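One file, work_15.cif, carrying mmCIF, C-alpha atoms:
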data_structure
loop_
_atom_site.group_PDB
_atom_site.id
_atom_site.type_symbol
_atom_site.label_atom_id
_atom_site.label_comp_id
_atom_site.auth_asym_id
_atom_site.auth_seq_id
_atom_site.Cartn_x
_atom_site.Cartn_y
_atom_site.Cartn_z
ATOM 1 C CA MET A 1 -14.115 15.095 -10.913
ATOM 2 C CA GLU A 2 -10.688 16.691 -11.134
ATOM 3 C CA PHE A 3 -7.883 15.633 -8.777
ATOM 4 C CA ALA A 4 -4.305 16.789 -8.258
ATOM 5 C CA VAL A 5 -2.026 13.786 -7.792
ATOM 6 C CA SER A 6 1.423 14.322 -6.283
ATOM 7 C CA ARG A 7 4.369 12.033 -5.801
ATOM 8 C CA ASP A 8 7.872 12.431 -4.347
ATOM 9 C CA GLY A 9 10.920 10.783 -5.847
ATOM 10 C CA THR A 10 14.653 10.800 -6.366
ATOM 11 C CA THR A 11 16.800 10.559 -9.448
ATOM 12 C CA LEU A 12 20.517 10.508 -10.146
ATOM 13 C CA ILE A 13 22.339 12.787 -12.569
ATOM 14 C CA THR A 14 25.967 12.178 -13.457
ATOM 15 C CA LEU A 15 27.984 15.117 -14.733
ATOM 16 C CA HIS A 16 31.366 16.761 -14.676
ATOM 17 C CA GLY A 17 31.530 19.668 -12.268
ATOM 18 C CA GLY A 18 34.348 21.678 -10.789
ATOM 19 C CA SER A 19 33.233 21.249 -7.182
ATOM 20 C CA ASP A 20 30.470 19.738 -5.058
ATOM 21 C CA THR A 21 28.537 23.000 -5.207
ATOM 22 C CA THR A 22 28.925 23.425 -8.966
ATOM 23 C CA ALA A 23 27.905 19.826 -9.613
ATOM 24 C CA ARG A 24 24.812 20.120 -7.375
ATOM 25 C CA ASP A 25 23.837 23.411 -9.026
ATOM 26 C CA GLU A 26 24.268 22.027 -12.556
ATOM 27 C CA ALA A 27 22.286 18.862 -11.761
ATOM 28 C CA THR A 28 19.496 20.955 -10.215
ATOM 29 C CA GLU A 29 19.439 23.193 -13.308
ATOM 30 C CA GLN A 30 19.243 20.151 -15.620
ATOM 31 C CA LEU A 31 16.294 18.617 -13.787
ATOM 32 C CA ALA A 32 14.587 22.002 -13.418
ATOM 33 C CA ALA A 33 14.856 22.580 -17.183
ATOM 34 C CA ILE A 34 13.158 19.232 -17.860
ATOM 35 C CA LEU A 35 10.377 19.869 -15.334
ATOM 36 C CA GLU A 36 9.860 23.464 -16.550
ATOM 37 C CA ARG A 37 9.451 22.180 -20.119
ATOM 38 C CA LEU A 38 6.918 19.563 -18.972
ATOM 39 C CA GLU A 39 4.978 22.216 -17.052
ATOM 40 C CA ALA A 40 5.006 24.570 -20.059
ATOM 41 C CA GLU A 41 3.639 21.732 -22.227
ATOM 42 C CA GLY A 42 0.842 21.215 -19.697
ATOM 43 C CA THR A 43 1.967 17.644 -19.000
ATOM 44 C CA ILE A 44 2.498 18.349 -15.292
ATOM 45 C CA SER A 45 0.864 21.034 -13.188
ATOM 46 C CA ALA A 46 3.518 21.631 -10.526
ATOM 47 C CA TRP A 47 6.959 20.515 -9.439
ATOM 48 C CA GLU A 48 9.621 21.263 -6.856
ATOM 49 C CA ILE A 49 13.220 20.194 -6.365
ATOM 50 C CA ASP A 50 13.666 19.682 -2.640
ATOM 51 C CA ASP A 51 17.333 18.758 -2.310
ATOM 52 C CA ALA A 52 20.496 17.975 -4.235
ATOM 53 C CA SER A 53 23.347 16.067 -2.645
ATOM 54 C CA VAL A 54 26.493 14.325 -3.790
ATOM 55 C CA TYR A 55 25.786 10.623 -4.194
ATOM 56 C CA GLU A 56 29.212 9.682 -5.517
ATOM 57 C CA GLN A 57 32.386 11.762 -5.421
ATOM 58 C CA PRO A 58 34.822 11.651 -8.324
ATOM 59 C CA THR A 59 37.478 8.997 -7.763
ATOM 60 C CA ALA A 60 40.090 10.757 -9.892
ATOM 61 C CA PRO A 61 40.611 14.163 -11.479
ATOM 62 C CA PHE A 62 38.122 14.785 -14.290
ATOM 63 C CA ASP A 63 35.858 11.915 -13.172
ATOM 64 C CA PRO A 64 32.163 12.819 -12.916
ATOM 65 C CA TYR A 65 30.047 13.542 -9.869
ATOM 66 C CA THR A 66 26.814 11.634 -9.359
ATOM 67 C CA ILE A 67 24.177 13.836 -7.755
ATOM 68 C CA THR A 68 20.984 12.693 -6.006
ATOM 69 C CA LEU A 69 18.034 14.994 -6.579
ATOM 70 C CA GLU A 70 14.870 14.827 -4.475
ATOM 71 C CA PHE A 71 11.769 16.231 -6.130
ATOM 72 C CA SER A 72 7.990 16.317 -6.078
ATOM 73 C CA ILE A 73 5.737 16.360 -9.109
ATOM 74 C CA THR A 74 2.001 16.923 -9.554
ATOM 75 C CA VAL A 75 -0.398 16.073 -12.372
ATOM 76 C CA VAL A 76 -4.095 16.827 -12.718
ATOM 77 C CA VAL A 77 -6.390 13.937 -13.698
ATOM 78 C CA GLU A 78 -10.101 13.227 -14.099
ATOM 79 C CA ALA A 79 -11.464 10.406 -11.938
ATOM 80 C CA ASP A 80 -14.540 9.322 -10.004
ATOM 81 C CA ASP A 81 -12.780 9.091 -6.636
ATOM 82 C CA ALA A 82 -9.406 9.628 -4.914
ATOM 83 C CA ASP A 83 -8.287 5.990 -5.239
ATOM 84 C CA GLU A 84 -8.901 5.958 -8.975
ATOM 85 C CA ALA A 85 -7.210 9.347 -9.285
ATOM 86 C CA ALA A 86 -4.129 8.097 -7.423
ATOM 87 C CA SER A 87 -3.858 5.136 -9.797
ATOM 88 C CA ILE A 88 -4.349 7.227 -12.947
ATOM 89 C CA GLY A 89 -2.023 9.938 -11.641
ATOM 90 C CA ALA A 90 0.732 7.460 -10.731
ATOM 91 C CA SER A 91 0.624 6.045 -14.261
ATOM 92 C CA ALA A 92 0.659 9.539 -15.761
ATOM 93 C CA ILE A 93 3.670 10.542 -13.643
ATOM 94 C CA ASP A 94 5.506 7.330 -14.597
ATOM 95 C CA ASP A 95 4.825 7.938 -18.291
ATOM 96 C CA VAL A 96 5.825 11.584 -18.332
ATOM 97 C CA LEU A 97 9.084 11.034 -16.445
ATOM 98 C CA GLU A 98 9.959 8.041 -18.610
ATOM 99 C CA ARG A 99 9.342 10.035 -21.817
ATOM 100 C CA ALA A 100 11.456 12.888 -20.395
ATOM 101 C CA ASP A 101 14.245 10.349 -19.701
ATOM 102 C CA VAL A 102 14.364 11.061 -15.969
ATOM 103 C CA THR A 103 16.241 7.897 -14.989
ATOM 104 C CA PRO A 104 17.091 6.202 -12.752
ATOM 105 C CA LEU A 105 13.979 6.984 -10.776
ATOM 106 C CA THR A 106 12.907 5.921 -7.295
ATOM 107 C CA TYR A 107 9.644 7.017 -5.705
ATOM 108 C CA THR A 108 9.838 7.928 -2.027
ATOM 109 C CA SER A 109 6.086 8.292 -1.502
ATOM 110 C CA SER A 110 2.864 6.766 -2.700
ATOM 111 C CA PRO A 111 0.756 8.931 -5.000
ATOM 112 C CA ALA A 112 -1.459 11.311 -3.029
ATOM 113 C CA ALA A 113 -4.692 12.564 -4.590
ATOM 114 C CA SER A 114 -6.647 15.608 -3.526
ATOM 115 C CA ALA A 115 -9.774 17.108 -5.064
ATOM 116 C CA ASP A 116 -8.866 20.140 -7.110
#
Kindly present the structure from the file in structure tokens form.
Amino acid sequence: MEFAVSRDGTTLITLHGGSDTTARDEATEQLAAILERLEAEGTISAWEIDDASVYEQPTAPFDPYTITLEFSITVVVEADDADEAASIGASAIDDVLERADVTPLTYTSSPAASAD
């Protein structure tokens, strides 16, 4: 049986930006580009960036911003039941984000499986 498995998480992106807004926009664009590529490859089936906020302000001129990005990601897996799907999907999400170098990564929800 086919299941969609979703998980919410956060990651940090450090970059040089001219202002809070520019830094948040650039970090969002960077993560979106990664997730769009993964979706185009068929590795993930859906994604959404929910929020971008400044995690760490620059301490001096030309120092970088660190931006926290909240996102959700969904994969489709084959499994016999929802519990098995959640386990397989969680592993698949871990693997795909690790290969895409989305680090550091913190999950803010358990994997949720629903029959597709």
Closest of A:Trp47, A:Ile93, A:Val75, A:Ala32 to Leu105 of chain A - atom-to-atom distances counting only C-alpha atoms: A:Ile93
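Counting only C-alpha atoms, the residue from A:Ala4, A:Ala46, A:Ile67, A:Ala79 that sits nearest to Ser19 of chain A is A:Ile67.
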Sphere at (27.4, 11.2, -14.2), radius 6 Å, counting all atoms listed in the file: residues as a PyMOL selection string: chain A and resi 13-15+64-66
Point-to-point distance in Å for atom CA of Thr74 of chain A and atom CA of Ser6 of chain A: 4.2 Å
Segment 34-36 of chain A environment, 12 Å, only C-alpha atoms, sequence neighbours closer than 6 positions dropped, as a list in words: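 Listed by chain and then number, they are Ala27, Thr28, Gly42, Thr43, Ile44, Ser45, Ala46, Trp47, Glu48, Ile49, Phe71, Ser72, Ile73, Thr74, Val75, Ile93, Val96, Leu97, Glu98, Arg99, Ala100, Asp101 and Val102 of chain A.
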Within 10 Å of Ala115 of chain A using all atoms listed in the file, minus same-chain residues under 2 positions, as a list in words: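 Counting only the stated atoms, we get Met1, Glu2, Phe3, Ala4, Val5, Val76, Val77, Glu78, Ala79, Asp81, Ala82, Ala85 and Ala113 of chain A.
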From A:Gln30, A:Ser109, A:Gln57, A:Thr103, residue lying nearest Gly18 of chain A [all atoms listed in the file]: A:Gln57
Pairwise distance for atom CA of Gly89 of chain A and atom CA of Arg37 of chain A, rounded to one decimal in Å: 18.8 Å
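Among the candidate residues A:Asp116, A:Asp94, A:Asp63, A:Glu84, the one lying nearest to Gly17 of chain A is A:Asp63, with distances computed using all atoms listed in the file.
Each of A:Ile88, A:Ala112, A:Glu26, A:His16 was checked against Pro61 of chain A using all atoms listed in the file; the smallest atom-to-atom distance is that of A:His16.
Going from atom CA of Leu12 of chain A to atom CA of Ala52 of chain A covers 9.5 Å.
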Chain and number of each residue from the PyMOL selection byres ((chain A and resi 10) around 8), as a PyMOL selection string: chain A and resi 8-9+11-12+68-71+105-108
I need the chosen residues saved as a PDB file, in the coordinates of the input, with C-alpha atoms.
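The resulting part-v3.pdb:
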ATOM      1  CA  ASP A   8       7.872  12.431  -4.347  1.00  0.00           C
ATOM      2  CA  GLY A   9      10.920  10.783  -5.847  1.00  0.00           C
ATOM      3  CA  THR A  11      16.800  10.559  -9.448  1.00  0.00           C
ATOM      4  CA  LEU A  12      20.517  10.508 -10.146  1.00  0.00           C
ATOM      5  CA  THR A  68      20.984  12.693  -6.006  1.00  0.00           C
ATOM      6  CA  LEU A  69      18.034  14.994  -6.579  1.00  0.00           C
ATOM      7  CA  GLU A  70      14.870  14.827  -4.475  1.00  0.00           C
ATOM      8  CA  PHE A  71      11.769  16.231  -6.130  1.00  0.00           C
ATOM      9  CA  LEU A 105      13.979   6.984 -10.776  1.00  0.00           C
ATOM     10  CA  THR A 106      12.907   5.921  -7.295  1.00  0.00           C
ATOM     11  CA  TYR A 107       9.644   7.017  -5.705  1.00  0.00           C
ATOM     12  CA  THR A 108       9.838   7.928  -2.027  1.00  0.00           C
TER      13      THR A 108
END
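Considering the residues A:Ala33, A:Ala86, A:Ala60, A:Ala92 and counting only C-alpha atoms, Ser114 of chain A has its shortest atom-to-atom contact with A:Ala86.
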